[in-house]
Amino acid sequence: MPVPEITDSFTGSVNRVTLGATKEDGGTRTLTITIGGARNVVYGGSAEDASEKPVIAMDVLDSKPSDWPETLAEPYEDVMDSPGDWAKKCVEQFGADLICLIFEGIHPDKDDNDAAHAVKVTQEVLKAVGVPLILWGCGNDEKDNQVMPKVSGAAKGEKCLIGTITEDNYKSLTAIALADGHYLISEAPIDINIAKQVNILASDMGFPLERIVTFQSTGALGYGIEYAYSIQERQRLAALTGDKMMAMPAICDVGYESWRAKEAKLADAPGWGEAADRGPMWEATTAICLLQAGVDIIRMRHPRAVTTTKNFINQIW
Amino acid sequence: MILIGERINGMFTIVKEAIAKKDKKVIQGLAEKQAKAGATYLDVNVGTAAADQEDAMKWLVETIQETCSTPLSLDSQKPVVIAAGLKVVNAENGVILNSTPLNRKTDEEIMDKYIEMANQAGPKASIIALTMDKNGVPQDIDTRVAIAAEIVSKAMEKDFDPQRLFIDPIILPVKVPDAQVQPGNILTAMDQIHLLAEPAPHMTIGLSNLSQGAKERSLINRIFLAMAISRGLDSAIVDVLDQDLMNVVATAEMLMNKQIYSDSFLKVY
């Protein structure tokens with residue numbers, strides 16, 4: 001009896017999603033980014049099965065962060081006060097495929113910036129770069145529900161990826177993303193059951209599943225990466241076996257999580273090697289590990305970590 | 001679960017009349033309702049009453065495809081009727097040839113013919129093969145499994161991907177004298193059929209046949225379906241409009257870890 005080719009046996013695939021709207025499509029982006037489409041696990045099947053290359057979204061904050069370690073802040077010292085210039089630097093000098101604009105500064109416990117500020121920053125960044133944008137709220141439900149609809153409106157028709165919606169807070173952002181023609185990020189706390197539920201809830205509101213990207217939450221190297229890895233793997237396998245509620249491309253937040261690790265940020269640790277190398281290495285290792293579980297967009301921060309990760313992607317995909 | 005919607009069948013009066021009167025609306029309505037309810041395929045059976053079965057099959061296929069893109073399962077015991085449907089079917093997203101026995105007294109090569117027809121229909125065309133041969137439907141477990149094994153090896157000989165093969169162990173009405181042993185036999189046979197190829201061939205059953213003539217038909221169907229799903233059944237010809245039945249499918253698949261749990265797990269179909 002011949003040995004059957006089991007790598008061909010998957011019936012489903014990851015949804016293919018194209019972010020960004022160019023002039024012809026009613027937006028102002030100079031290029032679009034397509035992710036997803038995988039018909040197999042990473043390293044499995046033929047080269048065509050791997051489909052689109054994973055991409056890197058570099059984080060830009062709406063207001064200058066006060067808690068970034070020196071190693072991380074150093075490459076951005078000249079641009080941290082101007083999100084537009086910051087985004088430009090990420091794209092032109094550091095090779096970002098996308099910009100992830102994070103509205104950390106609107107959080108009531110941080111700068112408590114208002115919607116007018118958020119809109120202004122969105123417009124600045126849209127003007128400064130031609131790549132598609134990810135627009136990410138601060139995580140405070142009440143403030144996000146106030147501000148993010150305005151941010152969405154300011155980028156109407158640009159086909160941004162906007163988020164995040166959660167099981168307890170999805171209605172207003174889902175409705176506005178639908179109205180403004182954006183794509184949604186559905187978030188779950190490393191819990192596959194909730195992840196699926198959030199997708200079903202958005203779908204029940206009439207939001208197309210083909211316009212959702214999932215965020216399962218991320219753990220960095222040494223801080224729960226194995227949980228993040230196995231949940232990404234499970235999502236990919238569910239997509240490949242035809243679960244339409246789990247067939248979305250995935251995004252990971254590697255930058256923020258990696259730089260929370262003391263091994264990455266602690267300057268005064270003589271036995272651990274140079275701080276200038278440790279942080280970028282921690283971030284790159286986290287990214288490369290998660291890429292192998294099947295992830296489509298990686299959010300990153302340090303330019304050296306980005307270079308290393310891009311190099312890996314270009315060799316593998 | 002690959003669910004084949006059973007409602008477009010000439011044995012139902014409403015369908016029989018629609019075929020006789022060429023009433024497209026009735027057929028298209030049934031197609032749309034079943035597609036919405038979660039049917040992966042729509043079964044198309046002209047029944048026995050149609051004057052010209054080949055012509056009726058063509059008309060049904062064309063009528064459904066005018067308004068519905070769900071792939072079809074062409075259901076007839078006569079190869080010529082299936083062939084008539086294949087002439088007009090859109091097989092791009094799949095089509096099932098339903099069904100062939102391993103062999104017949106009058107036609108030893110019948111399964112080969114189905115494989116040939118499926119190959120001509122395209123790479124996504126599948127076959128339902130019944131665990132039945134020239135001696136009829138076996139009553140015992142071992143013969144059922146032996147026929148299934150012959151079906152699988154014949155498919156492999158012909159280079160026909162086992163993933164395009166659905167094995168139907170033939171469920172008979174439980175309300176027949178001495179037939180009550182059969183549902184249990186079929187479950188045991190399923191355990192073994194599941195191991196015949198890697199990955200396992202699909203298994204399907206014509207579920208409603210089980211409760212033919214019995215009281216509590218829907219309950220009997222539902223319970224047996226849950227039991228069979230636990231033995232590896234991954235397809236069934238069912239009434240997808242029966243919401244209770246669909247809830248059983250969703251729950252059984254979730255409990256077997258074939259679907260990821262979510263609080264809205266009943267909504268997957």
# chains A, B, ... in the order shown; residues from 1 in each chain; ligands from 1

$ interface_residues --of "chain B" --to "chain A" --cutoff "10 Å" --atoms "only C-alpha atoms" --output "JSON, numbers by chain"
{"B": [1, 153, 156, 157, 159, 161, 162, 163, 197, 198, 199, 258, 259, 260, 261, 262, 263, 264, 265, 267, 268]}

$ write_last_selection --atoms "C-alpha atoms" --output "mmCIF file, in the first residue's frame"
data_model
loop_
_atom_site.group_PDB
_atom_site.id
_atom_site.type_symbol
_atom_site.label_atom_id
_atom_site.label_comp_id
_atom_site.auth_asym_id
_atom_site.auth_seq_id
_atom_site.Cartn_x
_atom_site.Cartn_y
_atom_site.Cartn_z
ATOM 1 C CA MET B 1 -19.025 17.727 9.735
ATOM 2 C CA SER B 153 -7.923 -0.636 -1.743
ATOM 3 C CA MET B 156 -5.948 3.314 -3.999
ATOM 4 C CA GLU B 157 -5.292 0.946 -6.906
ATOM 5 C CA ASP B 159 -5.015 6.270 -7.609
ATOM 6 C CA ASP B 161 -7.496 9.867 -3.190
ATOM 7 C CA PRO B 162 -9.189 8.253 -0.135
ATOM 8 C CA GLN B 163 -10.111 11.799 0.901
ATOM 9 C CA ALA B 197 -6.509 4.549 5.524
ATOM 10 C CA GLU B 198 -4.408 7.396 6.850
ATOM 11 C CA PRO B 199 -5.916 9.949 6.801
ATOM 12 C CA LYS B 258 -13.380 18.649 16.451
ATOM 13 C CA GLN B 259 -14.656 22.179 16.949
ATOM 14 C CA ILE B 260 -13.147 24.654 19.363
ATOM 15 C CA TYR B 261 -15.569 25.478 22.158
ATOM 16 C CA SER B 262 -17.023 28.983 22.337
ATOM 17 C CA ASP B 263 -20.067 30.155 24.271
ATOM 18 C CA SER B 264 -21.887 30.411 20.941
ATOM 19 C CA PHE B 265 -20.857 26.919 19.839
ATOM 20 C CA LYS B 267 -23.979 28.845 15.936
ATOM 21 C CA VAL B 268 -21.291 27.068 13.928
#

$ residues_around --residues "region 165-180 of chain B" --least-positions-apart "6" --cutoff "8 Å" --atoms "only C-alpha atoms" --output "PyMOL selection string"
chain B and resi 126-131+137+144+148+155+186+189-190+201-207+209-214

$ write_last_selection --atoms "C-alpha atoms" --output "compact mmCIF listing (two decimals), in the first residue's frame"
# COMPACT_ATOMS: atom_id res chain seq x y z
CA SER B 126 -16.15 12.54 -4.51
CA ILE B 127 -17.91 9.20 -4.36
CA ILE B 128 -20.13 7.63 -1.74
CA ALA B 129 -19.45 3.89 -1.74
CA LEU B 130 -21.85 1.59 0.07
CA THR B 131 -20.59 -1.38 2.09
CA VAL B 137 -26.19 -5.69 2.34
CA ARG B 144 -19.13 -4.82 6.31
CA ALA B 148 -15.09 -1.29 3.11
CA ALA B 155 -9.67 3.42 -4.74
CA ILE B 186 -22.55 -0.37 12.47
CA ALA B 189 -17.78 -1.46 12.01
CA MET B 190 -17.15 2.31 11.97
CA PRO B 201 -11.72 7.90 4.54
CA HIS B 202 -14.84 9.92 5.17
CA MET B 203 -17.81 8.02 6.57
CA THR B 204 -21.38 9.00 5.87
CA ILE B 205 -24.84 7.61 6.60
CA GLY B 206 -28.34 8.21 5.35
CA LEU B 207 -29.53 8.97 8.84
CA ASN B 209 -33.49 5.67 7.16
CA LEU B 210 -32.77 4.50 10.71
CA SER B 211 -36.08 5.74 12.09
CA GLN B 212 -38.22 4.82 9.09
CA GLY B 213 -41.69 3.86 10.36
CA ALA B 214 -40.75 4.33 14.01

$ closest_residue --among "A:Ile106, A:Leu61, A:Ala202, A:Val125" --to "Val91 (chain A)" --atoms "only C-alpha atoms"
A:Val125

$ residues_around --residues "Thr122 (chain A)" --least-positions-apart "3" --cutoff "12 Å" --atoms "only C-alpha atoms" --output "VMD selection string"
chain A and resid 60 to 63 82 to 84 87 99 to 103 115 to 119 125 to 129 132 to 136 147 to 148 150 to 156 158 160

$ write_last_selection --atoms "C-alpha atoms" --output "mmCIF file, in the first residue's frame"
data_model
loop_
_atom_site.group_PDB
_atom_site.id
_atom_site.type_symbol
_atom_site.label_atom_id
_atom_site.label_comp_id
_atom_site.auth_asym_id
_atom_site.auth_seq_id
_atom_site.Cartn_x
_atom_site.Cartn_y
_atom_site.Cartn_z
ATOM 1 C CA VAL A 60 4.596 54.438 17.083
ATOM 2 C CA LEU A 61 3.038 56.012 20.179
ATOM 3 C CA ASP A 62 0.690 58.975 20.116
ATOM 4 C CA SER A 63 2.638 60.703 22.849
ATOM 5 C CA SER A 82 6.420 63.827 16.618
ATOM 6 C CA PRO A 83 4.473 60.656 15.743
ATOM 7 C CA GLY A 84 4.625 61.625 12.047
ATOM 8 C CA ALA A 87 6.525 56.729 11.676
ATOM 9 C CA ILE A 99 2.925 51.336 11.228
ATOM 10 C CA CYS A 100 1.047 50.427 14.383
ATOM 11 C CA LEU A 101 -0.109 53.667 15.945
ATOM 12 C CA ILE A 102 -0.811 53.035 19.612
ATOM 13 C CA PHE A 103 -2.950 55.515 21.508
ATOM 14 C CA ALA A 115 -10.077 62.656 20.915
ATOM 15 C CA ALA A 116 -8.941 65.840 19.154
ATOM 16 C CA HIS A 117 -5.332 64.937 19.956
ATOM 17 C CA ALA A 118 -5.823 61.383 18.723
ATOM 18 C CA VAL A 119 -7.387 62.576 15.473
ATOM 19 C CA VAL A 125 0.890 59.777 10.553
ATOM 20 C CA LEU A 126 -1.363 59.196 7.541
ATOM 21 C CA LYS A 127 0.336 62.149 5.882
ATOM 22 C CA ALA A 128 3.866 61.181 6.884
ATOM 23 C CA VAL A 129 3.881 57.601 5.568
ATOM 24 C CA PRO A 132 -1.124 50.919 5.753
ATOM 25 C CA LEU A 133 -1.818 51.702 9.404
ATOM 26 C CA ILE A 134 -2.857 49.750 12.444
ATOM 27 C CA LEU A 135 -4.780 51.869 14.964
ATOM 28 C CA TRP A 136 -4.632 50.421 18.470
ATOM 29 C CA VAL A 147 -11.848 58.161 21.199
ATOM 30 C CA MET A 148 -11.414 55.258 18.759
ATOM 31 C CA LYS A 150 -13.175 59.450 16.062
ATOM 32 C CA VAL A 151 -9.815 57.969 15.095
ATOM 33 C CA SER A 152 -11.625 55.547 12.803
ATOM 34 C CA GLY A 153 -13.479 58.432 11.178
ATOM 35 C CA ALA A 154 -10.232 60.374 10.666
ATOM 36 C CA ALA A 155 -8.872 57.418 8.666
ATOM 37 C CA LYS A 156 -12.126 56.561 6.915
ATOM 38 C CA GLU A 158 -7.942 53.914 4.350
ATOM 39 C CA CYS A 160 -6.754 50.366 8.422
#

$ select_by_dssp --residues "region 2-247 of chain B" --states "strand (DSSP E)" --output "VMD selection string"
chain B and resid 2 to 5 41 to 44 72 to 75 95 to 101 125 to 130 165 to 168 202 to 203 235 to 238

$ write_last_selection --atoms "C-alpha atoms" --output "mmCIF file, in the first residue's frame"
data_model
loop_
_atom_site.group_PDB
_atom_site.id
_atom_site.type_symbol
_atom_site.label_atom_id
_atom_site.label_comp_id
_atom_site.auth_asym_id
_atom_site.auth_seq_id
_atom_site.Cartn_x
_atom_site.Cartn_y
_atom_site.Cartn_z
ATOM 1 C CA ILE B 2 -19.845 17.384 6.058
ATOM 2 C CA LEU B 3 -23.627 17.661 6.031
ATOM 3 C CA ILE B 4 -25.580 16.627 2.964
ATOM 4 C CA GLY B 5 -29.060 18.192 2.942
ATOM 5 C CA TYR B 41 -23.752 19.665 -0.044
ATOM 6 C CA LEU B 42 -27.320 19.433 -1.286
ATOM 7 C CA ASP B 43 -28.529 15.975 -2.159
ATOM 8 C CA VAL B 44 -30.437 15.771 -5.447
ATOM 9 C CA LEU B 72 -24.406 19.040 -5.023
ATOM 10 C CA SER B 73 -24.651 15.352 -4.241
ATOM 11 C CA LEU B 74 -26.168 13.563 -7.234
ATOM 12 C CA ASP B 75 -28.197 10.745 -5.751
ATOM 13 C CA VAL B 95 -19.718 17.230 -6.305
ATOM 14 C CA ILE B 96 -20.612 13.867 -4.779
ATOM 15 C CA LEU B 97 -21.633 10.831 -6.798
ATOM 16 C CA ASN B 98 -24.133 9.153 -4.490
ATOM 17 C CA SER B 99 -23.730 6.150 -4.528
ATOM 18 C CA THR B 100 -22.130 2.930 -5.726
ATOM 19 C CA PRO B 101 -21.839 -0.548 -4.179
ATOM 20 C CA ALA B 125 -15.519 15.167 -7.182
ATOM 21 C CA SER B 126 -16.148 12.541 -4.508
ATOM 22 C CA ILE B 127 -17.911 9.198 -4.356
ATOM 23 C CA ILE B 128 -20.131 7.632 -1.742
ATOM 24 C CA ALA B 129 -19.449 3.891 -1.735
ATOM 25 C CA LEU B 130 -21.851 1.586 0.071
ATOM 26 C CA LEU B 165 -14.170 8.669 -0.818
ATOM 27 C CA PHE B 166 -17.147 8.483 1.541
ATOM 28 C CA ILE B 167 -17.905 5.046 2.928
ATOM 29 C CA ASP B 168 -21.552 4.475 3.800
ATOM 30 C CA HIS B 202 -14.840 9.916 5.171
ATOM 31 C CA MET B 203 -17.813 8.019 6.572
ATOM 32 C CA SER B 235 -20.552 13.200 7.262
ATOM 33 C CA ALA B 236 -24.258 12.404 7.100
ATOM 34 C CA ILE B 237 -27.198 12.825 4.789
ATOM 35 C CA VAL B 238 -29.642 14.581 7.092
#

$ residues_around --residues "Arg104 (chain B)" --least-positions-apart "4" --cutoff "10 Å" --atoms "only C-alpha atoms" --output "MDAnalysis selection string"
chainID B and resid 100 108:111 132:136

$ closest_residue --among "A:Thr28, A:Asn145, A:Thr174, A:Asn15" --to "Arg236 (chain A)" --atoms "only C-alpha atoms"
A:Asn15

$ residues_around --residues "Ile64 (chain B)" --least-positions-apart "6" --cutoff "7 Å" --atoms "only C-alpha atoms" --output "list in words"
Ile27, Gln28 and Ala31 of chain B

$ write_last_selection --atoms "C-alpha atoms" --output "PDB file, in the first residue's frame"
ATOM      1  CA  ILE B  27     -36.752  23.652  -5.596  1.00  0.00           C
ATOM      2  CA  GLN B  28     -34.794  26.889  -5.334  1.00  0.00           C
ATOM      3  CA  ALA B  31     -31.944  24.800  -1.836  1.00  0.00           C
TER       4      ALA B  31
END

$ atom_distance --atom1 "CA of Gln292 (chain A)" --atom2 "CA of Ile316 (chain A)"
9.8 Å
